[in-house]
Structures are given as C-alpha cells and as structure tokens.
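Novice: Structure supplied as upload_3.pdb; contents: PDB, C-alpha atoms.
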```pdb
ATOM      1  CA  MET A   1     -77.362  -3.069  12.114
ATOM      2  CA  THR A   2     -73.956  -2.889  13.804
ATOM      3  CA  PHE A   3     -70.507  -2.893  12.253
ATOM      4  CA  SER A   4     -67.400  -4.350  13.828
ATOM      5  CA  THR A   5     -64.547  -1.892  14.261
ATOM      6  CA  GLU A   6     -62.018  -4.739  14.442
ATOM      7  CA  LEU A   7     -60.185  -5.918  11.346
ATOM      8  CA  LEU A   8     -58.796  -9.363  10.930
ATOM      9  CA  PRO A   9     -54.953  -9.373  11.235
ATOM     10  CA  SER A  10     -54.649 -10.956   7.798
ATOM     11  CA  THR A  11     -56.504  -8.095   6.078
ATOM     12  CA  ILE A  12     -54.276  -5.187   7.087
ATOM     13  CA  LYS A  13     -50.566  -4.418   6.816
ATOM     14  CA  PRO A  14     -48.668  -2.102   9.149
ATOM     15  CA  ALA A  15     -48.079   1.363   7.712
ATOM     16  CA  SER A  16     -44.573   1.993   6.372
ATOM     17  CA  THR A  17     -42.705   4.467   8.575
ATOM     18  CA  THR A  18     -39.480   4.507   6.561
ATOM     19  CA  ASN A  19     -38.592   4.944   2.939
ATOM     20  CA  ASN A  20     -35.545   3.885   0.966
ATOM     21  CA  ILE A  21     -33.062   5.733  -1.187
ATOM     22  CA  LYS A  22     -33.530   5.052  -4.897
ATOM     23  CA  ILE A  23     -30.820   6.324  -7.250
ATOM     24  CA  PHE A  24     -31.409   6.559 -10.987
ATOM     25  CA  ALA A  25     -28.989   7.761 -13.657
ATOM     26  CA  GLY A  26     -29.569   9.513 -16.949
ATOM     27  CA  ASN A  27     -27.255   9.027 -19.905
ATOM     28  CA  SER A  28     -25.018  12.069 -19.326
ATOM     29  CA  HIS A  29     -22.644  10.575 -16.719
ATOM     30  CA  VAL A  30     -23.526   7.004 -15.759
ATOM     31  CA  GLU A  31     -20.066   6.254 -14.327
ATOM     32  CA  PHE A  32     -20.395   9.100 -11.818
ATOM     33  CA  ALA A  33     -23.799   7.775 -10.738
ATOM     34  CA  ARG A  34     -22.266   4.312 -10.232
ATOM     35  CA  LEU A  35     -19.530   5.781  -8.016
ATOM     36  CA  VAL A  36     -22.140   7.606  -5.902
ATOM     37  CA  ALA A  37     -24.291   4.480  -5.564
ATOM     38  CA  LYS A  38     -21.259   2.324  -4.704
ATOM     39  CA  ARG A  39     -20.234   4.776  -1.980
ATOM     40  CA  LEU A  40     -23.718   4.390  -0.465
ATOM     41  CA  GLY A  41     -23.652   0.593  -0.803
ATOM     42  CA  LEU A  42     -26.527   0.651  -3.285
ATOM     43  CA  GLU A  43     -27.219  -0.462  -6.835
ATOM     44  CA  LEU A  44     -28.469   1.972  -9.454
ATOM     45  CA  GLY A  45     -32.219   1.748  -9.966
ATOM     46  CA  LYS A  46     -33.617   0.110 -13.074
ATOM     47  CA  CYS A  47     -34.297   2.817 -15.605
ATOM     48  CA  THR A  48     -34.263   2.916 -19.386
ATOM     49  CA  VAL A  49     -33.698   6.248 -21.111
ATOM     50  CA  SER A  50     -33.830   6.098 -24.902
ATOM     51  CA  LYS A  51     -35.120   7.916 -27.960
ATOM     52  CA  TYR A  52     -37.890   7.118 -30.393
ATOM     53  CA  SER A  53     -37.143   7.223 -34.112
ATOM     54  CA  ASN A  54     -38.376  10.837 -34.236
ATOM     55  CA  MET A  55     -35.831  11.709 -31.463
ATOM     56  CA  GLU A  56     -38.404  12.095 -28.676
ATOM     57  CA  THR A  57     -37.050  11.129 -25.262
ATOM     58  CA  ALA A  58     -38.528   7.957 -23.780
ATOM     59  CA  VAL A  59     -38.130   7.056 -20.099
ATOM     60  CA  THR A  60     -39.155   3.850 -18.366
ATOM     61  CA  ILE A  61     -38.682   3.484 -14.608
ATOM     62  CA  GLY A  62     -38.208  -0.266 -14.148
ATOM     63  CA  GLU A  63     -39.072  -0.592 -10.454
ATOM     64  CA  SER A  64     -41.511   0.809  -7.923
ATOM     65  CA  VAL A  65     -40.704   4.238  -6.471
ATOM     66  CA  ARG A  66     -43.979   4.681  -4.581
ATOM     67  CA  ASP A  67     -43.326   6.542  -1.320
ATOM     68  CA  GLU A  68     -39.539   6.308  -1.862
ATOM     69  CA  ASP A  69     -36.826   8.966  -1.624
ATOM     70  CA  VAL A  70     -35.668   9.288  -5.245
ATOM     71  CA  PHE A  71     -32.396  10.831  -6.415
ATOM     72  CA  LEU A  72     -31.916  11.402 -10.153
ATOM     73  CA  ILE A  73     -28.299  11.977 -11.234
ATOM     74  CA  GLN A  74     -27.838  13.866 -14.490
ATOM     75  CA  SER A  75     -25.050  16.338 -15.289
ATOM     76  CA  GLY A  76     -25.357  19.308 -17.627
ATOM     77  CA  CYS A  77     -22.761  18.248 -20.182
ATOM     78  CA  GLY A  78     -22.363  16.662 -23.611
ATOM     79  CA  GLU A  79     -25.645  16.974 -25.500
ATOM     80  CA  ILE A  80     -26.938  19.444 -22.935
ATOM     81  CA  ASN A  81     -30.433  19.967 -24.331
ATOM     82  CA  ASP A  82     -31.087  16.213 -24.696
ATOM     83  CA  ASN A  83     -29.716  15.516 -21.222
ATOM     84  CA  LEU A  84     -31.806  18.290 -19.671
ATOM     85  CA  MET A  85     -34.925  16.916 -21.350
ATOM     86  CA  GLU A  86     -34.060  13.414 -20.089
ATOM     87  CA  LEU A  87     -33.860  14.758 -16.536
ATOM     88  CA  LEU A  88     -37.191  16.578 -16.815
ATOM     89  CA  VAL A  89     -38.954  13.479 -18.140
ATOM     90  CA  MET A  90     -37.362  11.279 -15.445
ATOM     91  CA  ILE A  91     -38.522  13.700 -12.739
ATOM     92  CA  ASN A  92     -42.055  13.710 -14.104
ATOM     93  CA  ALA A  93     -42.096   9.916 -14.442
ATOM     94  CA  CYS A  94     -41.180   9.541 -10.759
ATOM     95  CA  LYS A  95     -43.692  12.200  -9.740
ATOM     96  CA  THR A  96     -46.569  10.426 -11.491
ATOM     97  CA  ALA A  97     -45.325   7.137  -9.938
ATOM     98  CA  SER A  98     -45.973   8.617  -6.450
ATOM     99  CA  ALA A  99     -42.386   9.074  -5.221
ATOM    100  CA  ARG A 100     -42.332  10.690  -1.780
ATOM    101  CA  ARG A 101     -39.537  13.124  -2.648
ATOM    102  CA  ILE A 102     -37.603  13.719  -5.879
ATOM    103  CA  THR A 103     -34.120  15.232  -5.752
ATOM    104  CA  ALA A 104     -32.385  16.293  -8.944
ATOM    105  CA  VAL A 105     -28.636  15.741  -8.486
ATOM    106  CA  VAL A 106     -27.021  17.934 -11.140
ATOM    107  CA  PRO A 107     -23.221  17.970 -10.646
ATOM    108  CA  CYS A 108     -22.766  20.593 -13.389
ATOM    109  CA  PHE A 109     -25.793  22.893 -13.669
ATOM    110  CA  PRO A 110     -26.775  23.531 -17.327
ATOM    111  CA  TYR A 111     -27.017  27.095 -18.662
ATOM    112  CA  ALA A 112     -25.433  28.420 -15.440
ATOM    113  CA  ARG A 113     -23.498  31.102 -17.340
ATOM    114  CA  GLN A 114     -26.748  32.625 -18.634
ATOM    115  CA  ASP A 115     -27.641  33.907 -15.174
ATOM    116  CA  LYS A 116     -28.203  37.623 -15.832
ATOM    117  CA  LYS A 117     -29.411  40.048 -18.454
ATOM    118  CA  ASP A 118     -26.017  41.358 -19.559
ATOM    119  CA  LYS A 119     -27.261  42.989 -22.759
ATOM    120  CA  SER A 120     -30.531  44.078 -24.350
ATOM    121  CA  ARG A 121     -33.041  41.288 -25.021
ATOM    122  CA  ALA A 122     -30.772  38.633 -23.455
ATOM    123  CA  PRO A 123     -32.621  35.718 -21.816
ATOM    124  CA  ILE A 124     -31.945  34.615 -18.241
ATOM    125  CA  THR A 125     -31.895  30.949 -19.213
ATOM    126  CA  ALA A 126     -30.680  29.665 -15.833
ATOM    127  CA  LYS A 127     -33.966  30.947 -14.365
ATOM    128  CA  LEU A 128     -35.890  29.147 -17.127
ATOM    129  CA  VAL A 129     -34.092  25.872 -16.280
ATOM    130  CA  ALA A 130     -34.949  26.381 -12.598
ATOM    131  CA  ASN A 131     -38.620  26.842 -13.490
ATOM    132  CA  MET A 132     -38.601  23.748 -15.707
ATOM    133  CA  LEU A 133     -37.116  21.539 -12.970
ATOM    134  CA  THR A 134     -39.670  22.806 -10.454
ATOM    135  CA  VAL A 135     -42.663  22.408 -12.771
ATOM    136  CA  ALA A 136     -41.521  18.891 -13.762
ATOM    137  CA  GLY A 137     -41.858  17.900 -10.104
ATOM    138  CA  ALA A 138     -38.437  18.212  -8.418
ATOM    139  CA  ASN A 139     -38.642  18.832  -4.654
ATOM    140  CA  HIS A 140     -34.937  19.469  -4.102
ATOM    141  CA  VAL A 141     -31.774  20.135  -6.131
ATOM    142  CA  ILE A 142     -28.169  19.214  -5.311
ATOM    143  CA  THR A 143     -25.417  20.724  -7.455
ATOM    144  CA  MET A 144     -21.781  21.844  -7.195
ATOM    145  CA  ASP A 145     -20.014  25.187  -7.644
ATOM    146  CA  LEU A 146     -22.741  27.148  -9.396
ATOM    147  CA  HIS A 147     -21.311  29.761 -11.753
ATOM    148  CA  ALA A 148     -23.139  32.335  -9.634
ATOM    149  CA  SER A 149     -24.454  31.331  -6.212
ATOM    150  CA  GLN A 150     -27.466  33.629  -6.725
ATOM    151  CA  ILE A 151     -28.893  30.971  -9.072
ATOM    152  CA  GLN A 152     -30.161  29.294  -5.888
ATOM    153  CA  GLY A 153     -32.587  32.210  -5.638
ATOM    154  CA  PHE A 154     -34.142  31.289  -8.998
ATOM    155  CA  PHE A 155     -35.745  28.256  -7.310
ATOM    156  CA  ASN A 156     -38.772  28.027  -5.037
ATOM    157  CA  ILE A 157     -37.464  24.693  -3.707
ATOM    158  CA  PRO A 158     -34.376  23.934  -1.573
ATOM    159  CA  VAL A 159     -31.042  23.991  -3.437
ATOM    160  CA  ASP A 160     -27.812  22.637  -1.936
ATOM    161  CA  ASN A 161     -24.774  24.090  -3.699
ATOM    162  CA  LEU A 162     -21.810  21.892  -2.751
ATOM    163  CA  TYR A 163     -18.208  23.058  -3.082
ATOM    164  CA  ALA A 164     -15.191  21.405  -4.699
ATOM    165  CA  GLU A 165     -12.929  23.589  -2.523
ATOM    166  CA  PRO A 166     -12.139  20.952   0.174
ATOM    167  CA  SER A 167     -11.050  18.465  -2.524
ATOM    168  CA  THR A 168      -9.094  21.204  -4.309
ATOM    169  CA  LEU A 169      -7.265  22.160  -1.110
ATOM    170  CA  LYS A 170      -6.349  18.525  -0.430
ATOM    171  CA  TYR A 171      -4.943  18.116  -3.958
ATOM    172  CA  ILE A 172      -2.867  21.305  -3.684
ATOM    173  CA  ARG A 173      -1.479  20.322  -0.272
ATOM    174  CA  ASP A 174      -0.661  16.759  -1.360
ATOM    175  CA  THR A 175       0.650  17.436  -4.863
ATOM    176  CA  ILE A 176       1.706  21.054  -5.501
ATOM    177  CA  LEU A 177       2.440  22.819  -2.212
ATOM    178  CA  GLY A 178       6.104  22.470  -1.276
ATOM    179  CA  GLU A 179       9.168  24.529  -0.496
ATOM    180  CA  LYS A 180       8.601  26.934  -3.397
ATOM    181  CA  GLY A 181       6.224  29.841  -2.857
ATOM    182  CA  VAL A 182       2.712  29.467  -4.261
ATOM    183  CA  VAL A 183       0.353  32.162  -5.532
ATOM    184  CA  ILE A 184      -3.357  31.549  -6.115
ATOM    185  CA  VAL A 185      -4.488  33.440  -9.217
ATOM    186  CA  SER A 186      -7.998  34.300 -10.343
ATOM    187  CA  PRO A 187      -8.221  34.486 -14.165
ATOM    188  CA  ASP A 188     -10.929  37.175 -13.913
ATOM    189  CA  ALA A 189     -12.501  39.564 -11.422
ATOM    190  CA  GLY A 190     -15.608  37.390 -11.070
ATOM    191  CA  GLY A 191     -13.616  34.517  -9.551
ATOM    192  CA  ALA A 192     -11.703  36.675  -7.050
ATOM    193  CA  LYS A 193     -13.814  35.588  -4.086
ATOM    194  CA  ARG A 194     -13.269  31.891  -4.875
ATOM    195  CA  ALA A 195      -9.503  32.365  -5.295
ATOM    196  CA  THR A 196      -9.051  34.477  -2.147
ATOM    197  CA  SER A 197     -10.913  31.865  -0.105
ATOM    198  CA  ILE A 198      -8.429  29.178  -1.207
ATOM    199  CA  ALA A 199      -5.447  31.507  -0.724
ATOM    200  CA  ASP A 200      -6.552  32.339   2.826
ATOM    201  CA  LYS A 201      -6.970  28.677   3.769
ATOM    202  CA  LEU A 202      -3.527  27.818   2.367
ATOM    203  CA  ASP A 203      -2.006  31.002   3.853
ATOM    204  CA  VAL A 204      -0.447  32.013   0.525
ATOM    205  CA  GLU A 205      -0.462  35.098  -1.721
ATOM    206  CA  PHE A 206      -3.241  36.047  -4.147
ATOM    207  CA  ALA A 207      -3.103  37.647  -7.600
ATOM    208  CA  LEU A 208      -5.708  38.677 -10.161
ATOM    209  CA  ILE A 209      -5.806  38.838 -13.945
ATOM    210  CA  HIS A 210      -8.041  41.440 -15.532
ATOM    211  CA  LYS A 211      -9.265  40.403 -18.968
ATOM    212  CA  GLU A 212     -11.023  42.275 -21.735
ATOM    213  CA  ARG A 213     -13.227  40.344 -24.146
ATOM    214  CA  LYS A 214     -13.991  41.211 -27.754
ATOM    215  CA  LYS A 215     -16.856  38.693 -27.699
ATOM    216  CA  ALA A 216     -17.915  35.548 -25.820
ATOM    217  CA  ASN A 217     -15.143  32.910 -25.490
ATOM    218  CA  GLU A 218     -12.551  35.292 -26.990
ATOM    219  CA  VAL A 219     -10.182  37.303 -24.787
ATOM    220  CA  SER A 220      -8.371  40.282 -26.329
ATOM    221  CA  ARG A 221      -6.053  41.525 -23.547
ATOM    222  CA  MET A 222      -4.917  40.494 -20.038
ATOM    223  CA  VAL A 223      -3.354  42.550 -17.244
ATOM    224  CA  LEU A 224      -1.795  40.951 -14.140
ATOM    225  CA  VAL A 225      -2.405  42.532 -10.731
ATOM    226  CA  GLY A 226       0.000  41.114  -8.125
ATOM    227  CA  ASP A 227       3.531  39.682  -7.849
ATOM    228  CA  VAL A 228       4.206  36.148  -9.138
ATOM    229  CA  ARG A 229       7.965  36.287  -9.759
ATOM    230  CA  ASP A 230       9.798  33.040  -8.897
ATOM    231  CA  ARG A 231       6.630  31.378  -7.638
ATOM    232  CA  ILE A 232       4.316  28.536  -8.613
ATOM    233  CA  CYS A 233       0.975  29.914  -9.835
ATOM    234  CA  ILE A 234      -2.325  28.081  -9.475
ATOM    235  CA  LEU A 235      -5.175  29.427 -11.587
ATOM    236  CA  VAL A 236      -8.556  28.748  -9.954
ATOM    237  CA  ASP A 237     -11.893  28.841 -11.801
ATOM    238  CA  ASP A 238     -15.296  27.184 -11.674
ATOM    239  CA  MET A 239     -15.436  26.215 -15.348
ATOM    240  CA  ALA A 240     -13.104  25.689 -18.312
ATOM    241  CA  ASP A 241     -14.806  25.653 -21.706
ATOM    242  CA  THR A 242     -12.558  26.451 -24.678
ATOM    243  CA  CYS A 243      -9.590  27.050 -22.305
ATOM    244  CA  GLY A 244      -8.566  30.184 -24.213
ATOM    245  CA  THR A 245      -8.574  32.213 -20.999
ATOM    246  CA  LEU A 246      -6.437  29.691 -19.110
ATOM    247  CA  GLY A 247      -3.948  29.391 -21.980
ATOM    248  CA  LEU A 248      -3.483  33.167 -22.227
ATOM    249  CA  ALA A 249      -3.355  33.542 -18.442
ATOM    250  CA  ALA A 250      -0.571  30.944 -18.188
ATOM    251  CA  LYS A 251       1.416  32.843 -20.844
ATOM    252  CA  VAL A 252       0.976  36.163 -18.999
ATOM    253  CA  LEU A 253       2.061  34.614 -15.684
ATOM    254  CA  LEU A 254       5.232  33.089 -17.164
ATOM    255  CA  GLU A 255       6.051  36.409 -18.844
ATOM    256  CA  ASN A 256       5.818  38.004 -15.397
ATOM    257  CA  GLY A 257       8.313  35.591 -13.845
ATOM    258  CA  ALA A 258       6.254  32.609 -12.630
ATOM    259  CA  THR A 259       8.161  29.289 -12.543
ATOM    260  CA  GLU A 260       5.200  26.945 -13.172
ATOM    261  CA  VAL A 261       1.491  27.361 -13.821
ATOM    262  CA  TYR A 262      -1.270  24.942 -12.800
ATOM    263  CA  ALA A 263      -5.024  25.321 -13.289
ATOM    264  CA  MET A 264      -7.682  24.007 -10.872
ATOM    265  CA  VAL A 265     -11.164  23.887 -12.406
ATOM    266  CA  THR A 266     -14.372  22.391 -11.012
ATOM    267  CA  HIS A 267     -16.221  21.756 -14.292
ATOM    268  CA  GLY A 268     -14.041  20.734 -17.224
ATOM    269  CA  VAL A 269     -16.377  21.348 -20.160
ATOM    270  CA  LEU A 270     -13.388  21.302 -22.561
ATOM    271  CA  SER A 271     -15.352  21.920 -25.758
ATOM    272  CA  GLY A 272     -14.124  22.663 -29.249
ATOM    273  CA  LYS A 273     -10.313  22.765 -29.510
ATOM    274  CA  ALA A 274      -9.827  22.917 -25.724
ATOM    275  CA  ILE A 275      -7.615  19.805 -25.523
ATOM    276  CA  GLN A 276      -5.293  21.093 -28.235
ATOM    277  CA  VAL A 277      -5.167  24.501 -26.525
ATOM    278  CA  ILE A 278      -4.139  22.798 -23.268
ATOM    279  CA  LYS A 279      -1.449  20.754 -25.031
ATOM    280  CA  ASP A 280      -0.025  23.859 -26.737
ATOM    281  CA  SER A 281      -0.284  26.096 -23.647
ATOM    282  CA  ALA A 282       2.299  26.891 -20.976
ATOM    283  CA  LEU A 283       0.178  25.099 -18.357
ATOM    284  CA  LYS A 284       2.052  22.331 -16.575
ATOM    285  CA  LYS A 285      -1.182  20.621 -15.576
ATOM    286  CA  ILE A 286      -4.918  21.318 -15.508
ATOM    287  CA  ILE A 287      -6.906  19.579 -12.772
ATOM    288  CA  VAL A 288     -10.674  19.113 -13.104
ATOM    289  CA  THR A 289     -13.287  17.237 -11.071
ATOM    290  CA  ASN A 290     -15.392  14.384 -12.440
ATOM    291  CA  THR A 291     -18.683  16.330 -12.499
ATOM    292  CA  ILE A 292     -18.324  15.946 -16.297
ATOM    293  CA  PRO A 293     -17.041  12.726 -17.988
ATOM    294  CA  GLN A 294     -13.332  12.997 -18.817
ATOM    295  CA  GLU A 295     -12.341   9.438 -19.805
ATOM    296  CA  HIS A 296     -11.558  10.296 -23.430
ATOM    297  CA  ASN A 297      -9.793  13.573 -22.572
ATOM    298  CA  LEU A 298      -7.623  11.891 -19.930
ATOM    299  CA  ALA A 299      -6.525   9.319 -22.495
ATOM    300  CA  VAL A 300      -5.383  11.900 -25.068
ATOM    301  CA  CYS A 301      -4.072  14.737 -22.863
ATOM    302  CA  PRO A 302      -1.193  14.003 -20.437
ATOM    303  CA  LYS A 303      -1.539  17.487 -18.917
ATOM    304  CA  LEU A 304      -5.046  16.670 -17.656
ATOM    305  CA  ASP A 305      -5.696  15.292 -14.157
ATOM    306  CA  GLN A 306      -8.926  14.532 -12.309
ATOM    307  CA  ILE A 307     -10.277  14.769  -8.764
ATOM    308  CA  ASP A 308     -13.118  12.456  -7.705
ATOM    309  CA  VAL A 309     -15.943  14.318  -5.909
ATOM    310  CA  SER A 310     -18.481  11.466  -5.959
ATOM    311  CA  SER A 311     -17.977  10.885  -2.215
ATOM    312  CA  THR A 312     -19.148  14.448  -1.507
ATOM    313  CA  PHE A 313     -22.350  13.899  -3.487
ATOM    314  CA  ALA A 314     -22.914  10.486  -1.885
ATOM    315  CA  GLU A 315     -22.597  11.944   1.597
ATOM    316  CA  ALA A 316     -24.924  14.824   0.656
ATOM    317  CA  ILE A 317     -27.522  12.273  -0.501
ATOM    318  CA  ARG A 318     -27.157  10.256   2.722
ATOM    319  CA  ARG A 319     -27.486  13.347   4.911
ATOM    320  CA  THR A 320     -30.444  14.657   2.900
ATOM    321  CA  HIS A 321     -32.243  11.320   3.248
ATOM    322  CA  ASN A 322     -31.607  11.176   7.002
ATOM    323  CA  GLY A 323     -32.522  14.815   7.577
ATOM    324  CA  GLU A 324     -29.006  15.798   8.657
ATOM    325  CA  SER A 325     -27.155  19.047   7.994
ATOM    326  CA  ILE A 326     -24.840  19.085   4.972
ATOM    327  CA  SER A 327     -22.913  22.245   5.953
ATOM    328  CA  TYR A 328     -20.076  19.963   7.146
ATOM    329  CA  LEU A 329     -19.403  19.165   3.480
ATOM    330  CA  PHE A 330     -18.709  22.838   2.687
ATOM    331  CA  THR A 331     -15.361  22.582   4.504
ATOM    332  CA  HIS A 332     -14.573  18.853   4.779
ATOM    333  CA  ILE A 333     -14.134  15.813   2.552
ATOM    334  CA  PRO A 334     -16.154  12.751   3.690
ATOM    335  CA  ASN A 335     -14.047   9.972   5.190
TER
END
```
For this file, produce the structure as structure tokens.

Specialist:
Amino acid sequence: MTFSTELLPSTIKPASTTNNIKIFAGNSHVEFARLVAKRLGLELGKCTVSKYSNMETAVTIGESVRDEDVFLIQSGCGEINDNLMELLVMINACKTASARRITAVVPCFPYARQDKKDKSRAPITAKLVANMLTVAGANHVITMDLHASQIQGFFNIPVDNLYAEPSTLKYIRDTILGEKGVVIVSPDAGGAKRATSIADKLDVEFALIHKERKKANEVSRMVLVGDVRDRICILVDDMADTCGTLGLAAKVLLENGATEVYAMVTHGVLSGKAIQVIKDSALKKIIVTNTIPQEHNLAVCPKLDQIDVSSTFAEAIRRTHNGESISYLFTHIPN
C-alpha cells in the first residue's frame, strides 16, 4: 500500500508567521489602557473582570488570543490586593488560552516599598509579587520608576523599568525653568541619585533633605543640606503616599529662603488625608504622572497637575512586539 505525500490545497492553510498585539485592561486604570491602545491605533481587547457574590475574582477573555502577543495593563493602585489578583488571573487565563507571549504592563508596581528586610521577621513582599507574576505565566514585565531598581533582580523573566525622567524634564523646561535660579531637591537620601540625574541634565544646583522617622509614614525631623536661598525648589521623588514628607520638606525649604516649592512625583498614590495635606502645605504645585488614576483628585485639588506617560508605555509595547530596543525611551519622549 502506498500513501500520497501531496495534500489537496483546500485541506491545508499556510502557517502563520506573524502575530498581533492584543491589549487587555484590568479594572485598576482603564482610562490609561485606552490611551495606550489609542496611541497604537488599536482597540482594547474584549475582557470581562468581575467578582462572584463571595468576592472571588472572575475573568473572561472575550476573544481568541491563541499565538498572539498579549499585553495586560493593570496598575498597582486603589484596591491593590484585588487588582493584583485580577492581573494574576488574567495572566493565567491567557496562558491557558495558548497566547504566544504574555507581558504584564504594571505602570505602578505593587508592594514596591517592601523590597528589603529592614527589620527582624519583615517579609520581602516585592519578591513574593515577582514570584506570583512568574508562576501565573507572565513572560515579560513592563513597569515605570521602580522604588528600587534592584526589584528587577527578583524576577527570572525580562523586566523593562521605564523612566518618567524625560517627561519630567520636559515639564520643568516648559513650565518652571525661567530666569530665576532652580534647585533640584531630594526629600531623602534614597532619592539622591534620581534628583542629581535631573539636576545634571538641567545644569542646575542640587540639595538634599535628611529626614528622621519615628515610624512608617511619619517624619519627626528634617535637616537641609545645600543652599536654596532666593531660588525655586523642585522636590523630586518616585512616590507620594500621605504627602507628609513633601509638606514638611516644603516648609523647611521656605524657612531656608526658597521663593517657591514644587514637587515632581512619578506615582501619586495620595492616600488618606494626602489631598488636604497638599492644600494646607506650602507647595505651589505637585505634579504627578498618570500611572495611577487622578481624575477625582484633579477635580478637588487645584495644586495638583498631571503628566501623561501613556505614549512611553505605548512605544515600549510597540518596540517589544517588533523586537526593537527600548533604551531610547530611557532618555527621550516618543514623538
């Protein structure tokens, strides 16, 4: 018996050599996901994320992702634990649906401040989150301004840590920088490297505030290192939570002769009484990016301003999909 090695043309389809970008959004920051998708000329993928009556997370991916390049956008904000669980379930749903590659796009990385064992029996929760994302099925992570860049080492998969610095520099040049002298100020020793990088690129002076804490989120004393007299001060930090540090820092700077004080922050968590603290503080303006939703805060706080970084994430997604380098984005804003 012989078998024919030829197949009829109607019985076989050509193998797919390309795959498409599929972008899905969790519930944490849908508007940001829409901005990213719009920048790429795409629609958000069909996905339903809800809860059962017993508060279990339910995810339904409403379209095929087989052999596609999937990007799941979910920021670590709001109900952080629920949003993290949503992301994990979405990743696993796409993995079991045979997606070619799954990238978790996490503009604000959850639990990033728990990145070291700073006291006895303290958990390193950022490492736990990294393990959970990997085990769920993520092949790649894109985030912005990690609280500590070493968090990338917690992963066994590629992590692209984007920077808000190019957008921050553009805002300062367009809005704040003028005839008056400017000083870039780090509100603590940990942010000195970030602040000096911005100061060097703007060719301006740098100052540092040393703070002593009684306990977490409560600063007891601040000491200024540097000269700020008759100058505009710009406080630079990666995250603003209760804003107690920024409020006290602004007071210290004005007491030392500063004319105005601005704050540039990547992740505006703004929890608790943060908005009231900002309103009552000596800060002229606090500028945050849109890695965390700020619609309500912008409506109630005239001192708050926002920078859109969705174009940076969109370009990172495009370059990742096409296998291009993203190091250009570390120093430039996409056109």

Novice: Nearest to A:Glu86: which of A:Arg101, A:Lys51, A:Arg66, A:Lys170 is it, counting all atoms listed in the file?

Specialist: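 For A:Glu86, the nearest of the given residues is A:Lys51.
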
Novice: Between atom CA of A:Ala148 and atom CA of A:Asp115, measure the distance and give it in Å to one decimal.

Specialist: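 It comes out at 7.3 Å.
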
Novice: Determine the residue set returned by the PyMOL selection byres ((chain A and resi 228) around 12) for the present structure, and present it as an NGL selection string.

Specialist: :A and (180-185 or 204-209 or 224-227 or 229-235 or 250 or 252-261)

Novice: For this structure, which residues satisfy the selection - the PyMOL selection byres ((chain A and resi 43) around 12) - when it is evaluated on the file as given? I want them as number ranges by chain.

Specialist: A: 21-25, 33-42, 44-47

Novice: Quick one: pull the distance between atom CA of A:Lys285 and atom CA of A:Tyr262, Å, one decimal.

Specialist: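 Result for atom CA of A:Lys285 versus atom CA of A:Tyr262: 5.1 Å, one decimal.
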
Novice: From the list A:Thr57, A:Gln114, A:Gln294, A:Asn27, which residue is nearest A:Val269 when using all atoms listed in the file?

Specialist: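 Smallest distance to A:Val269 is found for A:Gln294.
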
Novice: For atom CA of A:Val223 and atom CA of A:Lys211, quote the distance in Å rounded to one decimal.

Specialist: 6.5 Å

Novice: Using all atoms listed in the file, collect all residues at a distance of at most 12 Å from (-37.7, -5.5, -11.8) as written in the file, then present them as a PyMOL selection string.

Specialist: chain A and resi 45-48+60-65

Novice: Run the PyMOL selection byres ((chain A and resi 331) around 12) mentally over the shown coordinates, then write out the matched residues as number ranges by chain, using the chain letters and numbers from the document.

Specialist: A: 162-170, 197-198, 201, 312, 326-330, 332-334

Novice: Kindly indicate which residue among A:Arg319, A:Lys303, A:Arg100, A:Arg173 lies nearest to A:Ala138, using only C-alpha atoms for the distances.

Specialist: A:Arg100

Novice: Nearest to A:Ile172: which of A:Met239, A:His147, A:Leu202, A:Ser120 is it, counting only C-alpha atoms?

Specialist: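 The closest residue to A:Ile172 is A:Leu202.
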
Novice: Between A:Ser281, A:Asn19, A:Ser53, A:Asn81, which has the minimum distance to A:Gly244 (counting all atoms listed in the file)?

Specialist: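 Comparing A:Ser281, A:Asn19, A:Ser53, A:Asn81 against A:Gly244, the winner is A:Ser281.
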
Novice: Choose the residue, out of A:Val106, A:Ile142, A:Gly323, A:His29, that has the smallest atom-to-atom separation from A:Glu79; count all atoms listed in the file.

Specialist: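 Nearest to A:Glu79: A:His29.
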
Novice: Box for stretch 108-119 of chain A - axis-aligned, 4 Å on each of the six sides, all listed atoms - centre and size in Å to one decimal, as AutoDock Vina command-line options.

Specialist:
```
--center_x -26.1 --center_y 31.8 --center_z -18.1 --size_x 14.6 --size_y 30.4 --size_z 17.4
```

Novice: Quick one: residues within 7 Å of A:Ala274, all atoms listed in the file, excluding same-chain residues fewer than 2 positions away - as number ranges by chain?

Specialist: A: 241-243, 270-272, 276-278
